[in-house]
Amino acid sequence: MLKQRLITAAILIPLVVWALLALSTESLSYGLGLVALLAAWEWLQLMGFKQKYQLALAVMAMLLTGYLALFYLPIKVLLTVTLLIWLSASIIILLFAHKPLPQNLLNLFKTPLFVVIIATVVLTGFVASASYLHSFPEQGPALLLFVLVSVWLADTGGYFAGKRFGKHKLAKEISPNKTWEGVAGALVLSGVFATGFYLLVLESSLSLISWLFLTALTVLISIVGDLFESVFKRCFNVKDSGQLLPGHGGILDRIDSLLAAVPVFTVAVLLMGAY
């Protein structure tokens, strides 16, 4: 499994880096939209949409809604709504990390209309915030790349630290394999990368302490994104969202952390006056 993960990463990472640095924001937005569509398809399959016509109709409805939102709603509205979703997700995870979800909440997470609404908001917010961040006149592509690499390194640091030192469960009712030691490993590895990025690449008025705080916040909310998908998967007793990426599962499995990290990072950069 580890070998498959490394091979897949070795192929995808250079492709992603090239896309971020070489493509215009408009072109990148179309690529992000395609990724979001694949994730939407997996998300709905995960939730029990088995008939192809049901899947197609639901995805088409999500596509139309997302398109209208992206082109006709102000970016601040999209970011605010997305932020509220992740704030709500954080509260749910904090409340039920170590005790079973109540039946009424389980029923809500199994409701098709609820799933479609949440998936549409989350995926549209991701595309909007990633495109908006990429469009920043100063270091936009570099900032988006920073978020992606920070989350990837956090995932790597969390995996190995958890395997080696993991004892204290982070959210045993949602994702039993995650530990607080893994969180520490994620923060350390991403913090090292953030320090190097700050010293060598970043052009901003932020202090190093502020930049490290921003990175830590991004990593922590990325963990929320991962756990939020796990809540849906546990509702339907599913391990992976798909098998498109060998060793990594599906598209949704690979971007669940980024769905939360990119919008929160973008909002935080704006609020902190970094650009």
# chains A, B, ... in the order shown; residues from 1 in each chain; ligands from 1

$ select_by_dssp --residues "stretch 86-262 of chain A" --states "strand (DSSP E or B)" --output "ChimeraX atom specification"
/A:169-171,175-179,245,249

$ residues_around --residues "A:Ile174" --least-positions-apart "3" --cutoff "7 Å" --atoms "only C-alpha atoms" --output "ChimeraX atom specification"
/A:97,171,227,230-231

$ write_last_selection --atoms "N, CA and C atoms" --output "compact mmCIF listing (two decimals), in the first residue's frame"
# COMPACT_ATOMS: atom_id res chain seq x y z
N ALA A 97 -16.49 13.23 19.16
CA ALA A 97 -15.24 12.54 18.87
C ALA A 97 -15.13 11.23 19.63
N ALA A 171 -10.16 10.85 17.82
CA ALA A 171 -11.62 10.80 17.65
C ALA A 171 -12.01 9.34 17.41
N LEU A 227 -11.88 14.23 9.00
CA LEU A 227 -12.82 13.58 9.93
C LEU A 227 -14.27 13.77 9.49
N SER A 230 -15.04 11.23 7.13
CA SER A 230 -15.13 9.96 7.85
C SER A 230 -16.48 9.78 8.51
N VAL A 231 -17.10 10.88 8.96
CA VAL A 231 -18.44 10.78 9.54
C VAL A 231 -19.41 10.21 8.51

$ closest_residue --among "A:Leu189, A:Phe114, A:Pro263, A:Val127" --to "A:Ala216" --atoms "only C-alpha atoms"
A:Leu189

$ closest_residue --among "A:Val35, A:Cys235, A:Leu57, A:Leu148" --to "A:Leu123" --atoms "only C-alpha atoms"
A:Val35

$ residues_around --residues "stretch 18-30 of chain A" --least-positions-apart "3" --cutoff "6 Å" --atoms "only C-alpha atoms" --output "mmCIF file with N, CA and C atoms, in the first residue's frame"
data_model
loop_
_atom_site.group_PDB
_atom_site.id
_atom_site.type_symbol
_atom_site.label_atom_id
_atom_site.label_comp_id
_atom_site.auth_asym_id
_atom_site.auth_seq_id
_atom_site.Cartn_x
_atom_site.Cartn_y
_atom_site.Cartn_z
ATOM 1 N N LEU A 15 2.506 17.020 -11.592
ATOM 2 C CA LEU A 15 1.414 17.503 -12.446
ATOM 3 C C LEU A 15 0.679 18.660 -11.776
ATOM 4 N N GLY A 33 -12.748 22.461 -11.231
ATOM 5 C CA GLY A 33 -14.145 22.079 -11.395
ATOM 6 C C GLY A 33 -14.291 20.610 -11.756
ATOM 7 N N SER A 131 -9.414 29.171 -6.513
ATOM 8 C CA SER A 131 -9.266 30.058 -7.671
ATOM 9 C C SER A 131 -8.967 31.483 -7.221
ATOM 10 N N SER A 135 -5.507 33.718 -7.787
ATOM 11 C CA SER A 135 -5.571 34.973 -8.548
ATOM 12 C C SER A 135 -4.924 36.155 -7.826
ATOM 13 N N PRO A 141 -0.224 31.897 -6.942
ATOM 14 C CA PRO A 141 0.067 30.482 -7.171
ATOM 15 C C PRO A 141 0.949 29.873 -6.087
#

$ closest_atom_pairs --of "stretch 119-178 of chain A" --to "stretch 198-209 of chain A" --cutoff "9 Å" --atoms "only C-alpha atoms" --output "Markdown table"
| residue | atom | partner | partner_atom | distance |
| --- | --- | --- | --- | --- |
| A:Glu138 | CA | A:Glu203 | CA | 8.1 |
| A:Gln139 | CA | A:Glu203 | CA | 7.7 |
| A:Ala142 | CA | A:Val201 | CA | 8.3 |
| A:Leu143 | CA | A:Leu202 | CA | 8.4 |

$ write_last_selection --atoms "all heavy atoms" --output "mmCIF file, in the first residue's frame"
data_model
loop_
_atom_site.group_PDB
_atom_site.id
_atom_site.type_symbol
_atom_site.label_atom_id
_atom_site.label_comp_id
_atom_site.auth_asym_id
_atom_site.auth_seq_id
_atom_site.Cartn_x
_atom_site.Cartn_y
_atom_site.Cartn_z
ATOM 1 N N GLU A 138 -0.043 39.105 -5.892
ATOM 2 C CA GLU A 138 1.269 38.841 -5.299
ATOM 3 C C GLU A 138 1.329 37.407 -4.779
ATOM 4 O O GLU A 138 0.684 37.069 -3.806
ATOM 5 C CB GLU A 138 1.545 39.820 -4.158
ATOM 6 C CG GLU A 138 1.637 41.267 -4.599
ATOM 7 C CD GLU A 138 1.936 42.192 -3.432
ATOM 8 O OE1 GLU A 138 2.616 41.745 -2.496
ATOM 9 O OE2 GLU A 138 1.475 43.345 -3.459
ATOM 10 N N GLN A 139 2.083 36.571 -5.472
ATOM 11 C CA GLN A 139 2.364 35.209 -5.018
ATOM 12 C C GLN A 139 1.132 34.320 -4.888
ATOM 13 O O GLN A 139 1.127 33.368 -4.098
ATOM 14 C CB GLN A 139 3.102 35.246 -3.671
ATOM 15 C CG GLN A 139 4.489 35.878 -3.750
ATOM 16 C CD GLN A 139 5.316 35.608 -2.515
ATOM 17 O OE1 GLN A 139 4.946 36.009 -1.420
ATOM 18 N NE2 GLN A 139 6.442 34.937 -2.681
ATOM 19 N N ALA A 142 1.932 30.647 -5.603
ATOM 20 C CA ALA A 142 2.820 30.133 -4.554
ATOM 21 C C ALA A 142 2.053 29.889 -3.260
ATOM 22 O O ALA A 142 2.306 28.909 -2.547
ATOM 23 C CB ALA A 142 3.968 31.117 -4.312
ATOM 24 N N LEU A 143 1.109 30.758 -2.931
ATOM 25 C CA LEU A 143 0.313 30.587 -1.717
ATOM 26 C C LEU A 143 -0.575 29.353 -1.798
ATOM 27 O O LEU A 143 -0.707 28.597 -0.828
ATOM 28 C CB LEU A 143 -0.544 31.830 -1.464
ATOM 29 C CG LEU A 143 0.205 33.077 -1.000
ATOM 30 C CD1 LEU A 143 -0.736 34.272 -0.970
ATOM 31 C CD2 LEU A 143 0.828 32.860 0.367
#

$ residues_around --residues "A:Asn177" --least-positions-apart "5" --cutoff "12 Å" --atoms "only C-alpha atoms" --output "list in words"
Gly158, Tyr159, Phe160, Ala161, Gly162, Lys163, Phe165, Gly166, Lys167, His168, Lys169, Leu170, Ala171, Lys172, Gly182, Val183, Leu227 and Ser230 of chain A

$ residues_around --residues "A:Arg234" --least-positions-apart "6" --cutoff "10 Å" --atoms "only C-alpha atoms" --output "PyMOL selection string"
chain A and resi 106+173-175

$ write_last_selection --atoms "N, CA, C and O atoms" --output "mmCIF file, in the first residue's frame"
data_model
loop_
_atom_site.group_PDB
_atom_site.id
_atom_site.type_symbol
_atom_site.label_atom_id
_atom_site.label_comp_id
_atom_site.auth_asym_id
_atom_site.auth_seq_id
_atom_site.Cartn_x
_atom_site.Cartn_y
_atom_site.Cartn_z
ATOM 1 N N LEU A 106 -27.448 11.000 12.796
ATOM 2 C CA LEU A 106 -27.168 9.950 11.815
ATOM 3 C C LEU A 106 -28.185 9.983 10.680
ATOM 4 O O LEU A 106 -27.830 9.866 9.508
ATOM 5 N N GLU A 173 -14.542 7.515 17.876
ATOM 6 C CA GLU A 173 -15.847 7.153 17.330
ATOM 7 C C GLU A 173 -15.973 7.524 15.851
ATOM 8 O O GLU A 173 -16.908 7.102 15.187
ATOM 9 N N ILE A 174 -15.038 8.323 15.355
ATOM 10 C CA ILE A 174 -15.112 8.773 13.960
ATOM 11 C C ILE A 174 -14.016 8.135 13.117
ATOM 12 O O ILE A 174 -14.273 7.605 12.033
ATOM 13 N N SER A 175 -12.780 8.190 13.604
ATOM 14 C CA SER A 175 -11.635 7.619 12.887
ATOM 15 C C SER A 175 -10.679 7.020 13.922
ATOM 16 O O SER A 175 -9.789 7.725 14.417
#

$ select_by_dssp --residues "stretch 42-172 of chain A" --states "alpha helix (DSSP H)" --output "PyMOL selection string"
chain A and resi 42-46+52-72+75-96+103-109+112-134+140-165

$ closest_residue --among "A:Ile91, A:Val17, A:Met62, A:Val269" --to "A:Ala119" --atoms "only C-alpha atoms"
A:Met62

$ closest_residue --among "A:Val59, A:Leu12, A:Leu133, A:Val147" --to "A:Ile75" --atoms "only C-alpha atoms"
A:Leu133

$ closest_residue --among "A:Thr195, A:Asn107, A:Gln54, A:Ser222" --to "A:Ser210" --atoms "only C-alpha atoms"
A:Thr195
